[in-house]
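Everything below belongs to target-v4.txt, which stores compact mmCIF, C-alpha atoms.
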```txt
# COMPACT_ATOMS: atom_id res chain seq x y z
CA MET A 1 -99.33 -34.57 21.20
CA SER A 2 -101.43 -37.04 23.16
CA GLY A 3 -101.85 -36.16 26.83
CA ARG A 4 -101.02 -32.47 26.50
CA ARG A 5 -103.51 -30.64 28.70
CA ALA A 6 -105.32 -27.44 27.83
CA ALA A 7 -108.30 -25.65 29.31
CA LEU A 8 -110.92 -24.68 26.75
CA VAL A 9 -113.07 -21.84 28.07
CA ILE A 10 -116.39 -20.90 26.45
CA PRO A 11 -118.06 -17.73 27.76
CA ASN A 12 -121.81 -17.87 27.27
CA TRP A 13 -124.83 -15.64 27.60
CA ASN A 14 -128.19 -17.02 26.47
CA GLY A 15 -126.56 -19.26 23.90
CA ALA A 16 -128.63 -22.41 24.36
CA GLU A 17 -129.30 -22.66 20.61
CA ARG A 18 -125.63 -22.38 19.66
CA LEU A 19 -123.87 -24.25 22.45
CA PRO A 20 -124.70 -27.81 21.28
CA ARG A 21 -123.02 -27.28 17.90
CA CYS A 22 -119.98 -25.68 19.50
CA LEU A 23 -119.65 -28.39 22.15
CA ARG A 24 -120.03 -31.18 19.59
CA SER A 25 -117.06 -29.77 17.70
CA VAL A 26 -115.08 -29.49 20.94
CA ALA A 27 -115.89 -33.12 21.77
CA GLY A 28 -114.49 -34.09 18.36
CA LEU A 29 -111.08 -32.51 18.90
CA ARG A 30 -108.22 -34.90 18.40
CA GLY A 31 -104.52 -34.91 19.13
CA ALA A 32 -104.72 -32.86 22.35
CA GLU A 33 -106.59 -33.34 25.60
CA ALA A 34 -108.71 -30.45 26.87
CA GLU A 35 -110.78 -29.61 29.92
CA VAL A 36 -113.98 -27.89 28.76
CA ILE A 37 -115.41 -25.09 30.88
CA VAL A 38 -118.53 -23.10 30.02
CA VAL A 39 -118.77 -19.83 31.97
CA ASP A 40 -122.40 -18.82 32.03
CA ASN A 41 -123.13 -15.11 32.42
CA GLY A 42 -126.49 -15.38 34.16
CA SER A 43 -128.38 -16.90 31.21
CA CYS A 44 -132.14 -17.36 31.44
CA ASP A 45 -132.54 -19.78 28.49
CA GLY A 46 -131.33 -23.05 30.03
CA SER A 47 -127.78 -22.70 28.72
CA PRO A 48 -126.11 -24.15 31.84
CA GLU A 49 -128.18 -27.30 31.62
CA VAL A 50 -127.39 -27.65 27.91
CA ALA A 51 -123.67 -27.36 28.64
CA ALA A 52 -123.81 -29.81 31.54
CA ARG A 53 -125.65 -32.42 29.45
CA ALA A 54 -122.90 -32.13 26.83
CA GLY A 55 -120.29 -32.97 29.46
CA ALA A 56 -118.84 -29.52 30.03
CA ARG A 57 -117.95 -28.20 33.43
CA VAL A 58 -120.19 -25.18 34.10
CA VAL A 59 -119.19 -22.10 36.08
CA ARG A 60 -122.37 -20.15 36.84
CA LEU A 61 -122.26 -16.41 37.35
CA PRO A 62 -125.32 -14.69 38.84
CA GLU A 63 -125.48 -11.97 36.18
CA ASN A 64 -123.94 -10.85 32.91
CA VAL A 65 -120.57 -9.53 34.07
CA GLY A 66 -119.21 -9.18 30.54
CA PHE A 67 -116.93 -11.17 28.27
CA ALA A 68 -113.64 -10.16 29.87
CA ARG A 69 -114.62 -10.98 33.45
CA ALA A 70 -116.26 -14.24 32.42
CA VAL A 71 -113.11 -15.39 30.61
CA ASN A 72 -110.92 -14.37 33.55
CA ARG A 73 -113.14 -16.35 35.92
CA GLY A 74 -113.16 -19.43 33.70
CA ILE A 75 -109.40 -19.51 33.30
CA ALA A 76 -108.90 -18.97 37.03
CA GLU A 77 -111.00 -22.10 37.61
CA SER A 78 -108.97 -24.21 35.17
CA GLY A 79 -105.62 -25.93 34.86
CA GLY A 80 -103.32 -26.86 32.01
CA GLU A 81 -100.33 -25.46 30.17
CA PHE A 82 -102.50 -23.72 27.57
CA VAL A 83 -105.82 -21.88 27.67
CA ALA A 84 -108.09 -21.86 24.62
CA LEU A 85 -110.84 -19.28 24.27
CA VAL A 86 -113.80 -20.22 22.09
CA ASN A 87 -117.02 -18.30 21.53
CA ASN A 88 -120.26 -20.24 21.78
CA ASP A 89 -120.98 -19.52 18.09
CA VAL A 90 -117.75 -21.13 16.87
CA GLU A 91 -117.32 -24.59 15.41
CA LEU A 92 -113.81 -26.05 15.50
CA ASP A 93 -112.12 -28.32 13.01
CA ALA A 94 -111.02 -31.59 14.67
CA ASP A 95 -107.32 -30.64 14.47
CA TRP A 96 -107.72 -27.00 15.54
CA LEU A 97 -106.32 -27.34 19.06
CA ALA A 98 -103.52 -29.73 18.13
CA LYS A 99 -102.38 -27.46 15.29
CA LEU A 100 -102.21 -24.42 17.57
CA ILE A 101 -100.32 -26.28 20.31
CA GLU A 102 -97.87 -27.60 17.74
CA ALA A 103 -97.33 -24.09 16.35
CA LEU A 104 -96.58 -22.66 19.80
CA ASP A 105 -94.21 -25.55 20.48
CA ARG A 106 -92.32 -24.61 17.29
CA ASN A 107 -92.26 -20.93 18.26
CA PRO A 108 -91.35 -20.62 21.95
CA GLN A 109 -91.15 -16.82 21.66
CA CYS A 110 -94.87 -16.71 20.78
CA GLY A 111 -97.37 -16.54 23.59
CA MET A 112 -100.63 -16.53 21.60
CA ALA A 113 -101.88 -18.19 18.43
CA ALA A 114 -105.05 -18.22 16.34
CA GLY A 115 -106.04 -19.99 13.18
CA ARG A 116 -107.85 -19.28 9.95
CA THR A 117 -111.49 -18.62 10.76
CA PHE A 118 -114.19 -18.80 8.10
CA MET A 119 -117.69 -17.39 8.13
CA TYR A 120 -119.99 -20.09 9.44
CA GLY A 121 -121.30 -22.22 6.59
CA SER A 122 -118.51 -21.23 4.20
CA GLN A 123 -115.12 -22.65 3.33
CA ARG A 124 -114.23 -19.73 1.08
CA VAL A 125 -115.16 -16.49 2.87
CA LEU A 126 -112.97 -15.54 5.80
CA ASP A 127 -114.12 -14.21 9.14
CA GLY A 128 -110.58 -13.48 10.26
CA ALA A 129 -106.90 -14.25 9.77
CA GLY A 130 -105.41 -12.47 12.76
CA ASP A 131 -106.19 -9.07 14.27
CA ALA A 132 -104.41 -5.77 13.77
CA LEU A 133 -104.41 -2.35 15.40
CA SER A 134 -103.66 1.02 13.86
CA LEU A 135 -101.64 3.88 15.33
CA GLY A 136 -105.03 5.54 15.91
CA PHE A 137 -106.18 2.54 17.99
CA ALA A 138 -108.77 1.29 15.52
CA ALA A 139 -108.76 -2.50 15.32
CA ALA A 140 -109.16 -4.50 12.13
CA ARG A 141 -109.84 -8.18 11.62
CA LEU A 142 -107.53 -9.14 8.80
CA GLY A 143 -109.18 -11.02 5.97
CA HIS A 144 -112.71 -10.33 7.21
CA GLY A 145 -115.19 -10.80 4.36
CA SER A 146 -112.45 -11.69 1.88
CA ALA A 147 -112.28 -14.79 -0.27
CA ASP A 148 -109.70 -17.28 0.92
CA GLY A 149 -106.52 -17.43 -1.13
CA PRO A 150 -102.73 -17.87 -1.10
CA PHE A 151 -102.15 -14.70 0.95
CA TYR A 152 -104.07 -16.21 3.87
CA GLU A 153 -102.38 -19.60 3.63
CA GLN A 154 -99.05 -18.36 5.03
CA GLU A 155 -98.15 -18.59 8.71
CA ARG A 156 -97.09 -15.17 9.98
CA ARG A 157 -96.79 -12.89 12.96
CA VAL A 158 -99.75 -10.67 13.85
CA LEU A 159 -100.34 -8.13 16.58
CA ALA A 160 -103.33 -9.88 18.14
CA VAL A 161 -105.45 -13.00 18.15
CA SER A 162 -109.23 -12.91 18.35
CA GLY A 163 -110.88 -14.07 21.55
CA ALA A 164 -113.47 -15.80 19.38
CA ALA A 165 -111.06 -18.73 18.88
CA CYS A 166 -107.47 -18.64 20.08
CA LEU A 167 -104.85 -20.35 22.23
CA ILE A 168 -102.69 -18.64 24.88
CA ARG A 169 -99.89 -20.00 27.02
CA ARG A 170 -101.04 -20.03 30.63
CA ALA A 171 -97.70 -18.63 31.76
CA VAL A 172 -98.24 -15.61 29.49
CA TRP A 173 -101.85 -15.20 30.61
CA GLU A 174 -100.84 -15.18 34.26
CA ARG A 175 -97.84 -12.91 33.69
CA MET A 176 -100.07 -10.34 31.96
CA GLY A 177 -102.90 -10.61 34.47
CA GLY A 178 -105.62 -11.73 32.03
CA PHE A 179 -108.14 -9.52 30.27
CA GLU A 180 -108.67 -5.92 31.33
CA GLU A 181 -112.01 -5.91 33.14
CA LEU A 182 -112.74 -2.27 32.39
CA PHE A 183 -113.56 -3.66 28.93
CA PHE A 184 -117.01 -5.23 29.31
CA ALA A 185 -116.79 -6.73 25.82
CA TYR A 186 -114.97 -5.90 22.56
CA LEU A 187 -111.27 -5.09 22.13
CA GLU A 188 -110.27 -6.80 25.38
CA ASP A 189 -108.42 -9.41 23.30
CA VAL A 190 -106.55 -6.75 21.30
CA GLU A 191 -105.62 -4.87 24.48
CA PHE A 192 -104.33 -8.05 26.10
CA CYS A 193 -102.23 -8.95 23.07
CA LEU A 194 -100.76 -5.46 22.77
CA ARG A 195 -99.80 -5.59 26.45
CA ALA A 196 -98.25 -9.04 25.96
CA GLN A 197 -96.38 -7.90 22.85
CA LEU A 198 -94.90 -4.98 24.78
CA ALA A 199 -93.68 -7.51 27.36
CA GLY A 200 -91.89 -9.46 24.62
CA PHE A 201 -94.41 -12.16 23.69
CA ARG A 202 -95.43 -12.62 20.06
CA ALA A 203 -98.71 -13.65 18.41
CA LEU A 204 -98.92 -16.11 15.55
CA TYR A 205 -101.45 -16.70 12.78
CA VAL A 206 -101.65 -20.44 11.99
CA PRO A 207 -103.66 -21.04 8.79
CA ASP A 208 -103.87 -24.82 9.23
CA ALA A 209 -105.95 -24.42 12.41
CA ILE A 210 -109.47 -24.03 11.02
CA ALA A 211 -112.59 -22.70 12.75
CA TYR A 212 -116.00 -21.39 11.65
CA HIS A 213 -117.58 -18.35 13.28
CA GLU A 214 -121.21 -17.25 13.16
CA GLY A 215 -120.51 -13.83 14.67
CA SER A 216 -122.16 -11.62 17.33
CA ALA A 217 -123.53 -14.53 19.32
CA SER A 218 -121.39 -13.97 22.41
CA THR A 219 -123.32 -10.75 22.96
CA GLY A 220 -126.71 -12.36 22.48
CA GLY A 221 -126.76 -11.98 18.70
CA ALA A 222 -126.28 -8.20 18.67
CA PRO A 223 -125.33 -7.06 15.16
CA ALA A 224 -122.25 -4.93 14.50
CA LEU A 225 -124.21 -1.66 14.64
CA HIS A 226 -126.35 -2.52 17.65
CA PRO A 227 -126.33 0.52 19.99
CA ASP A 228 -124.63 -1.43 22.78
CA VAL A 229 -121.89 -2.60 20.41
CA VAL A 230 -121.32 0.94 19.12
CA ARG A 231 -121.20 2.32 22.66
CA LEU A 232 -118.65 -0.23 23.84
CA MET A 233 -116.49 -0.07 20.71
CA THR A 234 -116.37 3.72 20.93
CA ALA A 235 -115.40 3.69 24.59
CA HIS A 236 -112.82 0.95 24.28
CA GLN A 237 -111.01 2.52 21.34
CA LEU A 238 -110.55 5.59 23.49
CA LEU A 239 -109.51 3.53 26.51
CA LEU A 240 -106.77 1.95 24.40
CA ALA A 241 -105.52 5.47 23.71
CA ALA A 242 -105.80 6.32 27.41
CA ARG A 243 -103.53 3.46 28.38
CA TYR A 244 -100.97 3.55 25.60
CA ALA A 245 -100.83 7.08 24.13
CA ARG A 246 -98.70 8.49 26.89
CA GLY A 247 -95.18 9.73 27.45
CA GLY A 248 -93.07 9.91 24.33
CA ALA A 249 -95.71 8.08 22.29
CA ARG A 250 -98.42 10.69 22.91
CA ARG A 251 -97.32 13.29 20.40
CA PRO A 252 -97.04 11.03 17.32
CA LEU A 253 -100.17 9.07 18.22
CA LEU A 254 -102.58 11.87 19.15
CA PRO A 255 -103.30 13.16 15.60
CA ARG A 256 -104.11 9.63 14.46
CA VAL A 257 -106.38 9.06 17.45
CA VAL A 258 -108.26 12.29 16.68
CA LEU A 259 -108.70 11.36 13.01
CA THR A 260 -109.78 7.83 13.91
CA GLN A 261 -112.46 9.11 16.26
CA ALA A 262 -113.64 11.73 13.76
CA LEU A 263 -114.04 9.08 11.06
CA TRP A 264 -115.66 6.62 13.47
CA GLY A 265 -118.05 9.24 14.82
CA ALA A 266 -119.02 10.37 11.33
CA ARG A 267 -119.64 6.79 10.30
CA MET A 268 -121.87 6.16 13.31
CA CYS A 269 -123.83 9.37 12.76
CA LEU A 270 -124.40 8.53 9.09
CA ARG A 271 -125.69 5.11 10.11
CA GLY A 272 -128.13 6.45 12.67
CA ARG A 273 -126.07 5.63 15.75
CA ALA A 274 -125.17 9.14 16.95
CA GLY A 275 -126.77 8.52 20.35
CA ALA A 276 -124.86 5.29 20.92
CA TRP A 277 -121.62 6.98 19.85
CA LEU A 278 -122.18 9.83 22.31
CA ARG A 279 -122.92 7.33 25.09
CA GLY A 280 -119.63 5.64 24.24
CA LEU A 281 -117.81 8.95 24.62
CA LEU A 282 -119.42 9.42 28.04
CA LEU A 283 -118.46 5.89 29.08
CA ALA A 284 -114.87 6.56 28.04
CA ARG A 285 -114.86 9.77 30.04
CA ARG A 286 -116.10 7.96 33.17
CA THR A 287 -113.49 5.22 32.92
CA TRP A 288 -110.59 7.25 31.49
CA ARG A 289 -108.77 7.81 34.78
CA GLY A 290 -109.07 4.18 35.76
CA MET A 291 -107.48 3.06 32.50
CA ARG A 292 -104.89 5.83 32.58
CA SER A 293 -103.70 4.56 35.96
CA ARG A 294 -103.05 1.06 34.63
CA PRO A 295 -99.29 0.38 34.45
CA LEU A 296 -97.54 -0.67 31.26
CA PRO A 297 -95.22 -3.69 31.16
CA VAL A 298 -91.76 -2.77 32.46
CA GLU A 299 -90.31 -3.64 29.04
CA ALA A 300 -92.55 -1.12 27.26
CA SER A 301 -91.09 1.99 25.63
CA PRO A 302 -92.52 4.56 23.20
CA GLY A 303 -90.32 3.27 20.39
CA ARG A 304 -91.35 -0.34 20.97
CA LEU A 305 -95.03 0.57 21.05
CA LEU A 306 -94.84 2.62 17.87
CA GLU A 307 -92.91 -0.06 16.03
CA LEU A 308 -95.47 -2.72 16.97
CA LEU A 309 -98.32 -0.48 15.81
CA ARG A 310 -96.44 0.56 12.66
CA VAL A 311 -96.04 -3.05 11.56
CA SER A 312 -99.65 -3.81 12.44
CA GLU A 313 -100.92 -0.75 10.58
CA SER A 314 -98.96 -1.82 7.51
CA GLN A 315 -100.85 -5.12 7.59
CA ILE A 316 -104.12 -3.20 7.74
CA TYR A 317 -103.05 -1.14 4.75
CA ALA A 318 -102.23 -4.25 2.71
CA ASP A 319 -105.43 -6.03 3.69
CA ARG A 320 -108.16 -3.41 4.18
CA ALA A 321 -107.19 -0.08 2.56
CA ARG A 322 -108.85 -0.84 -0.79
CA LYS A 323 -111.90 -2.53 0.71
CA GLU A 324 -113.31 -0.14 3.30
CA ILE A 325 -113.94 3.60 3.05
CA PHE A 326 -112.90 4.13 6.68
CA TRP A 327 -109.41 2.88 5.93
CA ARG A 328 -109.21 4.61 2.56
CA LEU A 329 -109.84 7.95 4.24
CA TYR A 330 -107.49 7.19 7.12
CA PHE A 331 -104.60 6.28 4.82
CA ARG A 332 -105.28 9.27 2.60
CA VAL A 333 -104.39 11.47 5.55
CA PHE A 334 -101.70 9.18 6.97
CA PRO A 335 -100.25 7.21 4.06
CA PRO A 336 -97.81 4.38 4.83
CA ALA A 337 -94.83 6.60 4.00
CA THR A 338 -95.57 8.65 7.13
CA LEU A 339 -95.30 5.69 9.50
CA ARG A 340 -91.54 5.98 9.92
CA SER A 341 -91.81 9.63 10.86
CA ALA A 342 -93.97 8.66 13.85
CA LEU A 343 -91.10 6.52 15.07
CA ARG A 344 -88.52 9.25 14.61
CA ARG A 345 -90.57 11.74 16.60
CA ALA A 346 -90.68 9.34 19.56
CA GLU A 347 -86.91 8.80 19.67
```
Turn this file's structure into structure tokens for me.
Amino acid sequence: MSGRRAALVIPNWNGAERLPRCLRSVAGLRGAEAEVIVVDNGSCDGSPEVAARAGARVVRLPENVGFARAVNRGIAESGGEFVALVNNDVELDADWLAKLIEALDRNPQCGMAAGRTFMYGSQRVLDGAGDALSLGFAAARLGHGSADGPFYEQERRVLAVSGAACLIRRAVWERMGGFEELFFAYLEDVEFCLRAQLAGFRALYVPDAIAYHEGSASTGGAPALHPDVVRLMTAHQLLLAARYARGGARRPLLPRVVLTQALWGARMCLRGRAGAWLRGLLLARRTWRGMRSRPLPVEASPGRLLELLRVSESQIYADRARKEIFWRLYFRVFPPATLRSALRRAE
């Protein structure tokens, strides 16, 4: 594994307190050589100087252009056969990069890989074990908040890898054109992976590649229900539907999209975030045409899309349906037995 080059890109916005811990773990990586690039999104807390002192190459942006654009810029400035994305609030196990490279070497049909990520400070509670997406375009982080166990110790295919800590083949990244920049932050990684899957590339969950994630730090520490997070998540769920629920896939997907948004909107209203949810709807409306005009990979077809989402939704059902009321209600209306019928209607 020695001498294999990768670019490790860390997008950052006002992360001076977190960067040193992240960069120390990056400096301790073994078994694979990596170029380290910190893309600073116009921080005002001395983050670029912190990164430079730690030996990272710093790409300075004049303002906060968002996670997707920052990652695209950092990768464009780098070289190497692989690109690793790491949030500034992530700490990597010493073998993380080598394990992911080895897994992609064993699986040439896979273009992306991510490992088993724990909540920071814990070796028992998971932050994520691969990402999934429902037929209603609601994303789920598999394993999130669950105790580690045998189910999460098995290598397996997933729909998507989290941009918090993942590895992507550069050839796949360039073929797919990087992250969609209409997504300021949130769900850009899921959208990229869905696009890549439709083009024939697979994503792999590699449990031996260990990382620890604090959470929310890439957006300046905003919690999950921060108004800006709610606004962006709302808009980007709908933009996923704008891009992919078209043609023969529209009819089977539309009822699930409507239910997903009804459940999401109700949840936000009950939690005092009605205003942020409405602003997300307005943002989706403003950007809908732009996303709708984005082409799909030439290999994409309604049947292929629905099959990918069907398999991913079945993983959500196995992992989340008994743990979260959102998914309990969703699967009460669309139980797993109905997934095949969505496929038949698209044929």
**Study point:** Point-to-point distance in Å for atom CA of A:Glu91 and atom CA of A:Ala68
**Key:**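 Atom CA of A:Glu91 lies 20.8 Å from atom CA of A:Ala68.
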Exercise for review: Show which residues sit within 10 Å of A:Arg267, as a ChimeraX atom specification. Count all atoms listed in the file, and ignore same-chain residues fewer than 5 positions away.
Suggested key: /A:261-262,272-274,277,325-326
Could the residues in this selection be saved with C-alpha atoms as a PDB file, in the coordinates of the input?
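Output file again.pdb follows:
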```
ATOM      1  CA  GLN A 261    -112.460   9.110  16.260  1.00  0.00           C
ATOM      2  CA  ALA A 262    -113.640  11.730  13.760  1.00  0.00           C
ATOM      3  CA  GLY A 272    -128.130   6.450  12.670  1.00  0.00           C
ATOM      4  CA  ARG A 273    -126.070   5.630  15.750  1.00  0.00           C
ATOM      5  CA  ALA A 274    -125.170   9.140  16.950  1.00  0.00           C
ATOM      6  CA  TRP A 277    -121.620   6.980  19.850  1.00  0.00           C
ATOM      7  CA  ILE A 325    -113.940   3.600   3.050  1.00  0.00           C
ATOM      8  CA  PHE A 326    -112.900   4.130   6.680  1.00  0.00           C
TER       9      PHE A 326
END
```
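The coordinates place atom CA of A:Asp127 at 17.8 Å from atom CA of A:Leu100.
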Exercise for review: One decimal, Å: what's the distance from atom CA of A:Gln197 over to atom CA of A:Glu307, could you say?
Suggested key: 11.0 Å
Using all atoms of stretch 267-281 of chain A listed in the file and a margin of 8 Å per side, can you give the axis-aligned box centre and edge lengths in Å to one decimal, as lines of an AutoDock Vina configuration file?
```
center_x = -123.0
center_y = 7.5
center_z = 17.1
size_x = 26.3
size_y = 20.7
size_z = 32.0
```
Practice item. Identify, on the basis of all atoms listed in the file, every residue whose closest approach to A:Leu194 does not exceed 7 Å; exclude the query and any residue fewer than 4 positions from it along the same chain; express the result as a VMD selection string. Key: chain A and resid 159 to 160 190 198
Point to revise | For A:Ala84, the nearest of the candidates A:Arg195, A:Arg292, A:Arg332, A:Arg5, counting only C-alpha atoms | key: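 Nearest candidate to A:Ala84 out of A:Arg195, A:Arg292, A:Arg332, A:Arg5: A:Arg5.
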Check your understanding: When distances are computed from only C-alpha atoms, which of A:Phe334, A:Asp89, A:Ile168, A:Arg73 shows the smallest separation from A:Gly15?
Key -> A:Asp89
**Study point:** Test item: residues at most 9 Å from A:Ser314, all atoms listed in the file, excluding those fewer than 4 positions along its chain, as number ranges by chain
**Key:** A: 134, 309-310, 318-319, 336, 339
Check your understanding: Between A:Gly163, A:Gly290, A:Pro108, A:Gly80, which one has atoms that come closest to A:Asp131, using all atoms listed in the file?
Key ->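 Closest residue, counting all atoms listed in the file: A:Gly163.
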Practice item. Name the residues in contact with A:Arg141 at a cut-off of 10 Å, using only C-alpha atoms, excluding same-chain residues fewer than 4 positions from it; report them as a list in words. Key: Leu126, Asp127, Gly128, Ala129, Gly130, Asp131, Ala132, Leu133, Gly145, Ala160, Val161, Ser162, Ile316, Asp319 and Arg320 of chain A
**Study point:** Contacts of A:Leu61 at 9 Å (all atoms listed in the file; same-chain gap of 2+ positions) as a ChimeraX atom specification
**Key:** /A:39-43,59,63-65,70
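Taking only C-alpha atoms into account, A:Arg279 lies nearest to A:Asp228 out of the set A:Asp228, A:Glu299, A:Glu174, A:Glu324.
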Exercise for review: List the residues sitting within 10 Å of (-112.4, 9.0, 10.7) in the file's frame, using only C-alpha atoms, as a PyMOL selection string.
Suggested key: chain A and resi 136+138+256-267+325-330+333
